[in-house]
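K.L.:
My structure file input_8.csv, CSV, C-alpha atoms, is below:
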chain,number,residue,atom,x,y,z
A,1,MET,CA,-16.2,6.3,-39.2
A,2,PRO,CA,-13.9,3.8,-37.3
A,3,ALA,CA,-15.0,2.6,-33.9
A,4,PRO,CA,-13.8,5.0,-31.1
A,5,LEU,CA,-12.7,2.6,-28.3
A,6,ALA,CA,-9.8,0.4,-27.5
A,7,VAL,CA,-10.2,-2.0,-24.5
A,8,ILE,CA,-6.9,-2.6,-22.7
A,9,ILE,CA,-6.8,-5.6,-20.4
A,10,PRO,CA,-3.6,-6.4,-18.4
A,11,THR,CA,-3.2,-10.1,-17.6
A,12,LEU,CA,-1.2,-12.5,-15.7
A,13,ASN,CA,-2.4,-16.1,-15.7
A,14,ALA,CA,-6.0,-15.0,-16.6
A,15,ALA,CA,-7.0,-17.7,-19.0
A,16,HIS,CA,-9.9,-18.7,-16.8
A,17,ALA,CA,-11.2,-15.1,-16.4
A,18,LEU,CA,-11.0,-13.8,-20.0
A,19,PRO,CA,-14.0,-15.5,-21.6
A,20,GLY,CA,-16.5,-14.1,-19.1
A,21,THR,CA,-15.0,-10.6,-19.4
A,22,ALA,CA,-15.1,-10.8,-23.2
A,23,ASP,CA,-18.7,-12.0,-23.2
A,24,ALA,CA,-19.7,-8.9,-21.3
A,25,LEU,CA,-17.8,-6.7,-23.8
A,26,LEU,CA,-19.5,-8.3,-26.8
A,27,SER,CA,-22.3,-5.8,-27.1
A,28,GLY,CA,-19.6,-3.1,-27.5
A,29,ALA,CA,-18.2,-4.9,-30.5
A,30,THR,CA,-21.6,-5.6,-32.2
A,31,GLU,CA,-22.7,-2.0,-31.7
A,32,GLY,CA,-19.6,-0.6,-33.4
A,33,LEU,CA,-18.0,0.9,-30.3
A,34,ILE,CA,-14.9,-1.3,-29.8
A,35,ARG,CA,-12.1,-1.0,-32.4
A,36,ASP,CA,-9.3,-2.7,-30.6
A,37,LEU,CA,-9.2,-5.4,-27.9
A,38,VAL,CA,-5.7,-5.5,-26.4
A,39,ILE,CA,-4.5,-8.2,-24.1
A,40,THR,CA,-1.2,-7.0,-22.5
A,41,ASP,CA,0.5,-9.8,-20.7
A,42,GLY,CA,3.1,-9.9,-17.9
A,43,GLY,CA,4.5,-13.4,-18.4
A,44,SER,CA,1.6,-15.8,-18.0
A,45,THR,CA,2.4,-19.5,-17.8
A,46,ASP,CA,-1.2,-20.7,-18.4
A,47,ALA,CA,-3.3,-20.5,-21.6
A,48,THR,CA,-3.9,-16.8,-21.5
A,49,GLY,CA,-2.2,-16.4,-24.9
A,50,GLU,CA,-4.4,-19.0,-26.5
A,51,ALA,CA,-7.5,-17.4,-25.0
A,52,ALA,CA,-6.4,-14.0,-26.4
A,53,LYS,CA,-5.9,-15.5,-29.8
A,54,GLU,CA,-9.4,-17.1,-29.8
A,55,LEU,CA,-10.8,-13.6,-29.0
A,56,GLY,CA,-8.9,-12.1,-31.9
A,57,ALA,CA,-7.2,-9.7,-29.5
A,58,ILE,CA,-4.0,-7.8,-30.1
A,59,TRP,CA,-1.4,-9.6,-28.0
A,60,VAL,CA,1.4,-7.6,-26.2
A,61,GLU,CA,4.0,-9.2,-24.0
A,62,GLY,CA,6.4,-7.6,-21.5
A,63,PRO,CA,7.5,-7.6,-17.8
A,64,ALA,CA,4.9,-8.0,-15.2
A,65,GLY,CA,3.6,-4.8,-13.5
A,66,ARG,CA,0.1,-3.4,-14.2
A,67,GLY,CA,1.3,0.2,-15.0
A,68,GLY,CA,3.8,-0.9,-17.6
A,69,GLN,CA,1.5,-3.5,-19.1
A,70,ILE,CA,-1.3,-1.0,-19.5
A,71,ALA,CA,1.0,1.6,-21.0
A,72,ARG,CA,2.2,-1.0,-23.6
A,73,GLY,CA,-1.4,-1.9,-24.4
A,74,VAL,CA,-2.3,1.7,-25.0
A,75,ALA,CA,0.7,2.1,-27.3
A,76,ALA,CA,-0.4,-0.9,-29.3
A,77,SER,CA,-3.9,0.4,-29.9
A,78,TYR,CA,-5.2,3.0,-32.3
A,79,ALA,CA,-8.7,4.2,-31.2
A,80,PRO,CA,-9.1,7.7,-29.8
A,81,TRP,CA,-10.5,6.4,-26.5
A,82,VAL,CA,-9.3,3.7,-24.2
A,83,LEU,CA,-11.1,1.6,-21.6
A,84,ILE,CA,-8.7,0.1,-19.0
A,85,LEU,CA,-10.3,-3.0,-17.6
A,86,HIS,CA,-9.2,-5.8,-15.3
A,87,ALA,CA,-9.4,-9.3,-16.6
A,88,ASP,CA,-11.9,-10.4,-14.0
A,89,THR,CA,-14.3,-7.5,-14.4
A,90,HIS,CA,-17.7,-7.9,-16.2
A,91,LEU,CA,-19.4,-4.8,-17.4
A,92,SER,CA,-23.2,-4.6,-17.0
A,93,PRO,CA,-25.6,-4.7,-19.9
A,94,GLY,CA,-26.0,-1.3,-21.5
A,95,TRP,CA,-22.4,-0.2,-20.8
A,96,PRO,CA,-21.9,0.8,-24.4
A,97,ASP,CA,-24.6,3.5,-24.1
A,98,ALA,CA,-23.0,4.8,-20.9
A,99,ALA,CA,-19.6,4.9,-22.6
A,100,ARG,CA,-21.0,6.7,-25.7
A,101,ALA,CA,-22.8,9.3,-23.6
A,102,HIS,CA,-19.6,10.0,-21.6
A,103,MET,CA,-17.5,10.3,-24.8
A,104,ASN,CA,-20.0,12.7,-26.4
A,105,ASN,CA,-20.8,14.8,-23.4
A,106,ARG,CA,-17.6,14.8,-21.3
A,107,PRO,CA,-14.7,14.4,-23.7
A,108,ASP,CA,-12.2,16.1,-21.3
A,109,MET,CA,-13.2,13.9,-18.3
A,110,ALA,CA,-12.3,10.3,-17.4
A,111,GLY,CA,-15.1,7.9,-16.4
A,112,TYR,CA,-15.4,4.9,-14.1
A,113,PHE,CA,-18.2,2.4,-13.3
A,114,ARG,CA,-19.9,1.7,-10.0
A,115,LEU,CA,-18.4,-1.3,-8.3
A,116,LYS,CA,-20.3,-4.5,-7.4
A,117,PHE,CA,-18.8,-7.9,-6.4
A,118,ARG,CA,-20.0,-11.1,-8.0
A,119,ALA,CA,-20.8,-12.5,-4.6
A,120,PRO,CA,-24.0,-12.6,-2.5
A,121,GLY,CA,-24.4,-11.2,1.0
A,122,LEU,CA,-24.3,-8.1,3.1
A,123,VAL,CA,-20.5,-7.9,3.4
A,124,PRO,CA,-19.7,-7.7,-0.3
A,125,HIS,CA,-22.5,-5.1,-0.7
A,126,LEU,CA,-21.0,-3.0,2.2
A,127,VAL,CA,-17.5,-3.2,0.8
A,128,ALA,CA,-18.6,-2.2,-2.7
A,129,SER,CA,-20.7,0.6,-1.3
A,130,GLY,CA,-17.6,1.9,0.6
A,131,ALA,CA,-15.6,1.8,-2.6
A,132,ASN,CA,-18.2,3.7,-4.5
A,133,LEU,CA,-18.4,6.4,-1.8
A,134,ARG,CA,-14.6,6.7,-1.9
A,135,ALA,CA,-14.7,7.1,-5.7
A,136,ARG,CA,-17.6,9.5,-5.7
A,137,HIS,CA,-16.5,11.8,-2.9
A,138,LEU,CA,-12.7,11.5,-2.9
A,139,GLY,CA,-12.2,11.0,-6.6
A,140,LEU,CA,-10.4,7.7,-6.0
A,141,PRO,CA,-11.8,4.8,-8.0
A,142,TYR,CA,-9.6,1.7,-8.1
A,143,GLY,CA,-8.7,-0.3,-11.2
A,144,ASP,CA,-11.5,-2.9,-10.8
A,145,GLN,CA,-14.0,-0.1,-11.6
A,146,GLY,CA,-12.5,0.4,-15.0
A,147,LEU,CA,-11.3,3.7,-16.5
A,148,LEU,CA,-12.6,5.3,-19.7
A,149,ILE,CA,-10.4,8.1,-20.9
A,150,SER,CA,-9.5,9.7,-24.2
A,151,ARG,CA,-6.1,9.2,-25.6
A,152,ASN,CA,-5.6,13.0,-25.7
A,153,THR,CA,-6.4,13.4,-22.0
A,154,LEU,CA,-4.2,10.5,-21.1
A,155,ALA,CA,-1.3,12.2,-22.9
A,156,GLU,CA,-2.1,15.5,-21.1
A,157,ILE,CA,-1.6,13.9,-17.7
A,158,GLY,CA,1.6,12.1,-18.7
A,159,GLY,CA,0.2,8.7,-19.7
A,160,VAL,CA,0.0,5.6,-17.5
A,161,PRO,CA,2.7,5.6,-14.9
A,162,ASP,CA,5.0,2.6,-15.1
A,163,LEU,CA,4.3,1.3,-11.6
A,164,PRO,CA,3.9,-2.4,-10.6
A,165,LEU,CA,1.0,-1.4,-8.2
A,166,MET,CA,-1.0,1.7,-7.4
A,167,GLU,CA,-1.1,2.9,-11.0
A,168,ASP,CA,-4.8,3.4,-10.6
A,169,VAL,CA,-4.3,5.7,-7.6
A,170,ALA,CA,-1.5,7.6,-9.5
A,171,LEU,CA,-3.9,8.1,-12.4
A,172,ALA,CA,-6.7,9.2,-10.1
A,173,ASP,CA,-4.3,11.8,-8.5
A,174,ARG,CA,-3.4,13.2,-11.9
A,175,LEU,CA,-7.1,13.4,-12.9
A,176,LYS,CA,-8.4,15.2,-9.8
A,177,GLY,CA,-11.5,17.2,-10.8
A,178,ARG,CA,-11.7,15.4,-14.1
A,179,MET,CA,-13.5,12.1,-13.2
A,180,ALA,CA,-17.1,11.2,-13.5
A,181,GLU,CA,-19.2,8.1,-12.5
A,182,LEU,CA,-20.7,6.3,-15.5
A,183,LYS,CA,-24.2,4.9,-15.6
A,184,GLY,CA,-23.1,1.3,-15.5
A,185,VAL,CA,-21.7,-1.3,-13.1
A,186,ALA,CA,-18.4,-3.2,-13.0
A,187,HIS,CA,-19.1,-6.6,-11.6
A,188,THR,CA,-15.7,-7.8,-10.3
A,189,SER,CA,-14.6,-11.1,-9.0
A,190,ALA,CA,-14.6,-11.6,-5.2
A,191,GLU,CA,-12.3,-14.6,-5.3
A,192,ARG,CA,-9.3,-13.0,-3.5
A,193,ASP,CA,-11.6,-11.3,-1.0
A,194,GLN,CA,-13.3,-14.5,-0.1
A,195,ASN,CA,-10.0,-16.4,0.1
A,196,ASP,CA,-8.3,-13.8,2.2
A,197,GLY,CA,-11.3,-12.8,4.2
A,198,TRP,CA,-13.2,-9.6,3.6
A,199,ALA,CA,-12.0,-7.6,6.6
A,200,ARG,CA,-8.4,-8.7,6.0
A,201,ARG,CA,-8.6,-7.7,2.4
A,202,VAL,CA,-10.0,-4.2,3.2
A,203,LEU,CA,-7.3,-3.6,5.8
A,204,ARG,CA,-4.6,-4.8,3.4
A,205,ASN,CA,-5.8,-2.4,0.7
A,206,LEU,CA,-6.0,0.5,3.1
A,207,GLY,CA,-2.6,-0.2,4.5
A,208,THR,CA,-1.1,-0.4,1.0
A,209,LEU,CA,-2.7,3.0,0.2
A,210,VAL,CA,-1.4,4.6,3.4
A,211,ARG,CA,2.2,3.3,2.7
A,212,TYR,CA,2.0,4.6,-0.8
A,213,ARG,CA,0.9,8.0,0.4
A,214,LEU,CA,3.8,8.0,2.8
A,215,GLY,CA,6.2,7.4,0.0
A,216,GLN,CA,7.1,3.7,0.1
A,217,GLU,CA,8.5,2.3,-3.1
A,218,THR,CA,5.8,0.7,-5.3
A,219,ARG,CA,8.1,-2.3,-5.9
A,220,ASP,CA,8.2,-3.0,-2.2
A,221,LEU,CA,4.4,-2.5,-2.0
A,222,ALA,CA,3.8,-4.9,-4.9
A,223,ALA,CA,6.0,-7.6,-3.3
A,224,ARG,CA,4.2,-7.2,0.1
A,225,TYR,CA,0.8,-7.2,-1.6
A,226,GLU,CA,1.5,-10.4,-3.5
A,227,ARG,CA,2.8,-12.1,-0.3
Go through the file and emit its structure as C-alpha cells.

P.N.:
Amino acid sequence: MPAPLAVIIPTLNAAHALPGTADALLSGATEGLIRDLVITDGGSTDATGEAAKELGAIWVEGPAGRGGQIARGVAASYAPWVLILHADTHLSPGWPDAARAHMNNRPDMAGYFRLKFRAPGLVPHLVASGANLRARHLGLPYGDQGLLISRNTLAEIGGVPDLPLMEDVALADRLKGRMAELKGVAHTSAERDQNDGWARRVLRNLGTLVRYRLGQETRDLAARYER
C-alpha cells in the first residue's frame, strides 16, 4: 500500500530552515508514512531550490502568498492525506505515531500539534501556552502548529483559500468542530519574535486577526504584516 501522507511546505527564502525541518520529518519517511514532500515556493532568491533538490522534494513555483502556494502544493501531490507545515517548524520525535493514530481514528477531522518555541525562558513558554489555549478552546490553531487533513475533507471545505495571509484562520473557520489536537509538538522558530520583541509580536498578530475579522483585505494585511 502506498504511503498515505504528503507534506506541503510553502517557502520564501527558506534555504537555511529546510534542513532542520527535513531532519525532523525523516522518521516519517523511514517508517513508510510520507509519500510526497512538496516544496512550494513563492519566488525565493536564495538557495531554497537547491535545498529542495537535495531533499528529493517535488518543486512547485508560483507567486508569493501562503494560501496560493499551499494550494499549488496540494495539487502537485498524490497522497490521500496532507500535512501543511511551515519551513521553520520541527516536529517532535514520535510524530508519525500521532499522525497515524489520527488518520486511523479521526478520518473526518483535521489535526494540529501543540506549539512550542525553540527558545528558552518564561516568555516563550507563556506565549506558546496562550496559543495552545486559543487552539484548544477556540478552535483556532495558527499555521506554525501544522495542519493534518485528508484530501477529501480539504475538498469538502473548498480547499485552501488563495489568500496571501490568514489562510490558516480561514481554514480553521471552515473546520469549526472538526479539529483535534495531536499528541505531538511543533517546535517553531522564535527568530521573528525575538527580533521584533515578544510583546510587539503578540500585539501585531492580534491586531492582524482583528482587522481580518473586521473585513480588511488580506493583501493589505499582508503588506502591513511584512512592514

K.L.:
Please determine, counting only C-alpha atoms, which residue among A:Leu165, A:Ala29, A:Ile70, A:Leu12 has the shortest atom-to-atom distance to Asn205 (chain A).

P.N.:
A:Leu165

K.L.:
For Val60 (chain A), work out the shell of residues within 7 Å, counting all atoms listed in the file and skipping chain neighbours fewer than 4 positions away, then give it as a PyMOL selection string.

P.N.:
chain A and resi 39-41+73

K.L.:
May I have the residues within 12 Å of Trp59 (chain A) as a list in words, using only C-alpha atoms and disregarding those fewer than 3 positions away in the same chain?

P.N.:
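Returned residues: Ile8, Ile9, Pro10, Thr11, Asp36, Leu37, Val38, Ile39, Thr40, Asp41, Gly42, Gly43, Thr48, Gly49, Glu50, Ala51, Ala52, Lys53, Glu54, Leu55, Gly56, Gly62, Gln69, Arg72, Gly73, Val74, Ala75, Ala76 and Ser77 of chain A.
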
K.L.:
Next, write the just-selected residues to a file, as a PDB file, in the coordinates of the input, keeping C-alpha atoms as the atom set.

P.N.:
ATOM      1  CA  ILE A   8      -6.900  -2.600 -22.700  1.00  0.00           C
ATOM      2  CA  ILE A   9      -6.800  -5.600 -20.400  1.00  0.00           C
ATOM      3  CA  PRO A  10      -3.600  -6.400 -18.400  1.00  0.00           C
ATOM      4  CA  THR A  11      -3.200 -10.100 -17.600  1.00  0.00           C
ATOM      5  CA  ASP A  36      -9.300  -2.700 -30.600  1.00  0.00           C
ATOM      6  CA  LEU A  37      -9.200  -5.400 -27.900  1.00  0.00           C
ATOM      7  CA  VAL A  38      -5.700  -5.500 -26.400  1.00  0.00           C
ATOM      8  CA  ILE A  39      -4.500  -8.200 -24.100  1.00  0.00           C
ATOM      9  CA  THR A  40      -1.200  -7.000 -22.500  1.00  0.00           C
ATOM     10  CA  ASP A  41       0.500  -9.800 -20.700  1.00  0.00           C
ATOM     11  CA  GLY A  42       3.100  -9.900 -17.900  1.00  0.00           C
ATOM     12  CA  GLY A  43       4.500 -13.400 -18.400  1.00  0.00           C
ATOM     13  CA  THR A  48      -3.900 -16.800 -21.500  1.00  0.00           C
ATOM     14  CA  GLY A  49      -2.200 -16.400 -24.900  1.00  0.00           C
ATOM     15  CA  GLU A  50      -4.400 -19.000 -26.500  1.00  0.00           C
ATOM     16  CA  ALA A  51      -7.500 -17.400 -25.000  1.00  0.00           C
ATOM     17  CA  ALA A  52      -6.400 -14.000 -26.400  1.00  0.00           C
ATOM     18  CA  LYS A  53      -5.900 -15.500 -29.800  1.00  0.00           C
ATOM     19  CA  GLU A  54      -9.400 -17.100 -29.800  1.00  0.00           C
ATOM     20  CA  LEU A  55     -10.800 -13.600 -29.000  1.00  0.00           C
ATOM     21  CA  GLY A  56      -8.900 -12.100 -31.900  1.00  0.00           C
ATOM     22  CA  GLY A  62       6.400  -7.600 -21.500  1.00  0.00           C
ATOM     23  CA  GLN A  69       1.500  -3.500 -19.100  1.00  0.00           C
ATOM     24  CA  ARG A  72       2.200  -1.000 -23.600  1.00  0.00           C
ATOM     25  CA  GLY A  73      -1.400  -1.900 -24.400  1.00  0.00           C
ATOM     26  CA  VAL A  74      -2.300   1.700 -25.000  1.00  0.00           C
ATOM     27  CA  ALA A  75       0.700   2.100 -27.300  1.00  0.00           C
ATOM     28  CA  ALA A  76      -0.400  -0.900 -29.300  1.00  0.00           C
ATOM     29  CA  SER A  77      -3.900   0.400 -29.900  1.00  0.00           C
TER      30      SER A  77
END

K.L.:
Could you give me, as a JSON list (two decimals) with C-alpha atoms, in the frame of the given file, the residues within 10 Å of Ala186 (chain A), counting only C-alpha atoms and dropping anything in the same chain fewer than 6 positions from it?

P.N.:
[["chain", "number", "residue", "atom", "x", "y", "z"],
["A", 85, "LEU", "CA", -10.30, -3.00, -17.60],
["A", 86, "HIS", "CA", -9.20, -5.80, -15.30],
["A", 88, "ASP", "CA", -11.90, -10.40, -14.00],
["A", 89, "THR", "CA", -14.30, -7.50, -14.40],
["A", 90, "HIS", "CA", -17.70, -7.90, -16.20],
["A", 91, "LEU", "CA", -19.40, -4.80, -17.40],
["A", 92, "SER", "CA", -23.20, -4.60, -17.00],
["A", 95, "TRP", "CA", -22.40, -0.20, -20.80],
["A", 112, "TYR", "CA", -15.40, 4.90, -14.10],
["A", 113, "PHE", "CA", -18.20, 2.40, -13.30],
["A", 114, "ARG", "CA", -19.90, 1.70, -10.00],
["A", 115, "LEU", "CA", -18.40, -1.30, -8.30],
["A", 116, "LYS", "CA", -20.30, -4.50, -7.40],
["A", 117, "PHE", "CA", -18.80, -7.90, -6.40],
["A", 118, "ARG", "CA", -20.00, -11.10, -8.00],
["A", 144, "ASP", "CA", -11.50, -2.90, -10.80],
["A", 145, "GLN", "CA", -14.00, -0.10, -11.60],
["A", 146, "GLY", "CA", -12.50, 0.40, -15.00]]

K.L.:
When you draw a straight line from CA of Ala180 (chain A) to CA of Ala119 (chain A), how long is it in Å?

P.N.:
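Going from CA of Ala180 (chain A) over to CA of Ala119 (chain A) covers 25.6 Å.
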
K.L.:
Per residue of region 32-85 of chain A within 12 Å of region 220-223 of chain A, what are the shortest atom pair and its distance in Å to one decimal, counting all atoms listed in the file, with rows by chain and residue number, as a Markdown table?

P.N.:
| residue | atom | partner | partner_atom | distance |
| --- | --- | --- | --- | --- |
| A:Ala64 | CA | A:Ala222 | CA | 10.8 |
| A:Gly65 | CA | A:Ala222 | CA | 8.6 |
| A:Arg66 | CA | A:Ala222 | CA | 10.1 |
| A:Gly67 | CA | A:Ala222 | CA | 11.6 |

K.L.:
Could those selected residues go to a file with C-alpha atoms, as a short mmCIF file (atom, residue, chain, number, x, y, z; two decimals), in the coordinates of the input?

P.N.:
data_model
loop_
_atom_site.label_atom_id
_atom_site.label_comp_id
_atom_site.auth_asym_id
_atom_site.auth_seq_id
_atom_site.Cartn_x
_atom_site.Cartn_y
_atom_site.Cartn_z
CA ALA A 64 4.90 -8.00 -15.20
CA GLY A 65 3.60 -4.80 -13.50
CA ARG A 66 0.10 -3.40 -14.20
CA GLY A 67 1.30 0.20 -15.00
#

K.L.:
Nearest to Asp196 (chain A): which of A:Lys176, A:Arg211, A:Glu61, A:Arg227 is it, counting only C-alpha atoms?

P.N.:
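For Asp196 (chain A), the nearest of the given residues is A:Arg227.
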
K.L.:
If you count all atoms listed in the file, which residues fall within 12 Å of region 97-106 of chain A, apart from same-chain ones fewer than 2 positions away, as a compact mmCIF listing (two decimals) with C-alpha atoms, in the coordinates of the input?

P.N.:
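Done, and the output landed in part-v8.txt:
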# COMPACT_ATOMS: atom_id res chain seq x y z
CA ALA A 3 -15.00 2.60 -33.90
CA PRO A 4 -13.80 5.00 -31.10
CA LEU A 5 -12.70 2.60 -28.30
CA ALA A 6 -9.80 0.40 -27.50
CA VAL A 7 -10.20 -2.00 -24.50
CA LEU A 25 -17.80 -6.70 -23.80
CA SER A 27 -22.30 -5.80 -27.10
CA GLY A 28 -19.60 -3.10 -27.50
CA GLU A 31 -22.70 -2.00 -31.70
CA GLY A 32 -19.60 -0.60 -33.40
CA LEU A 33 -18.00 0.90 -30.30
CA ILE A 34 -14.90 -1.30 -29.80
CA PRO A 80 -9.10 7.70 -29.80
CA TRP A 81 -10.50 6.40 -26.50
CA VAL A 82 -9.30 3.70 -24.20
CA LEU A 83 -11.10 1.60 -21.60
CA LEU A 91 -19.40 -4.80 -17.40
CA SER A 92 -23.20 -4.60 -17.00
CA PRO A 93 -25.60 -4.70 -19.90
CA GLY A 94 -26.00 -1.30 -21.50
CA TRP A 95 -22.40 -0.20 -20.80
CA ASP A 108 -12.20 16.10 -21.30
CA MET A 109 -13.20 13.90 -18.30
CA ALA A 110 -12.30 10.30 -17.40
CA GLY A 111 -15.10 7.90 -16.40
CA TYR A 112 -15.40 4.90 -14.10
CA PHE A 113 -18.20 2.40 -13.30
CA ARG A 114 -19.90 1.70 -10.00
CA GLY A 146 -12.50 0.40 -15.00
CA LEU A 147 -11.30 3.70 -16.50
CA LEU A 148 -12.60 5.30 -19.70
CA ILE A 149 -10.40 8.10 -20.90
CA SER A 150 -9.50 9.70 -24.20
CA ARG A 151 -6.10 9.20 -25.60
CA THR A 153 -6.40 13.40 -22.00
CA ARG A 178 -11.70 15.40 -14.10
CA MET A 179 -13.50 12.10 -13.20
CA ALA A 180 -17.10 11.20 -13.50
CA GLU A 181 -19.20 8.10 -12.50
CA LEU A 182 -20.70 6.30 -15.50
CA LYS A 183 -24.20 4.90 -15.60
CA GLY A 184 -23.10 1.30 -15.50
CA VAL A 185 -21.70 -1.30 -13.10

K.L.:
When you count all atoms listed in the file, which of these residues is closest to Thr30 (chain A): A:Pro96, A:Glu167, A:Arg224, A:Leu154?

P.N.:
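Result for the nearest residue to Thr30 (chain A): A:Pro96.
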
K.L.:
Using only C-alpha atoms, which residue out of A:Ala190, A:Ile157, A:Ala135, A:Ala71 lies closest to Val123 (chain A)?

P.N.:
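Going through A:Ala190, A:Ile157, A:Ala135, A:Ala71 one by one, the smallest distance to Val123 (chain A) is for A:Ala190.
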
K.L.:
Tell me, in Å to one decimal, how far CA of Ser189 (chain A) is from CA of Leu175 (chain A).

P.N.:
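These atoms are spaced 25.9 Å apart.
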
K.L.:
For CA of Ala87 (chain A) and CA of Asp46 (chain A), determine how far apart the two atoms are, in Å to one decimal place.

P.N.:
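Distance reported for this atom pair: 14.2 Å.
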
K.L.:
Nearest to Arg134 (chain A): which of A:Ala155, A:Leu206, A:Leu122, A:Ala199 is it, counting all atoms listed in the file?

P.N.:
A:Leu206

K.L.:
Using only C-alpha atoms, which residue out of A:Ala47, A:Trp198, A:Pro2, A:Tyr212 lies closest to Pro19 (chain A)?

P.N.:
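Among the listed residues, the smallest separation from Pro19 (chain A) belongs to A:Ala47.
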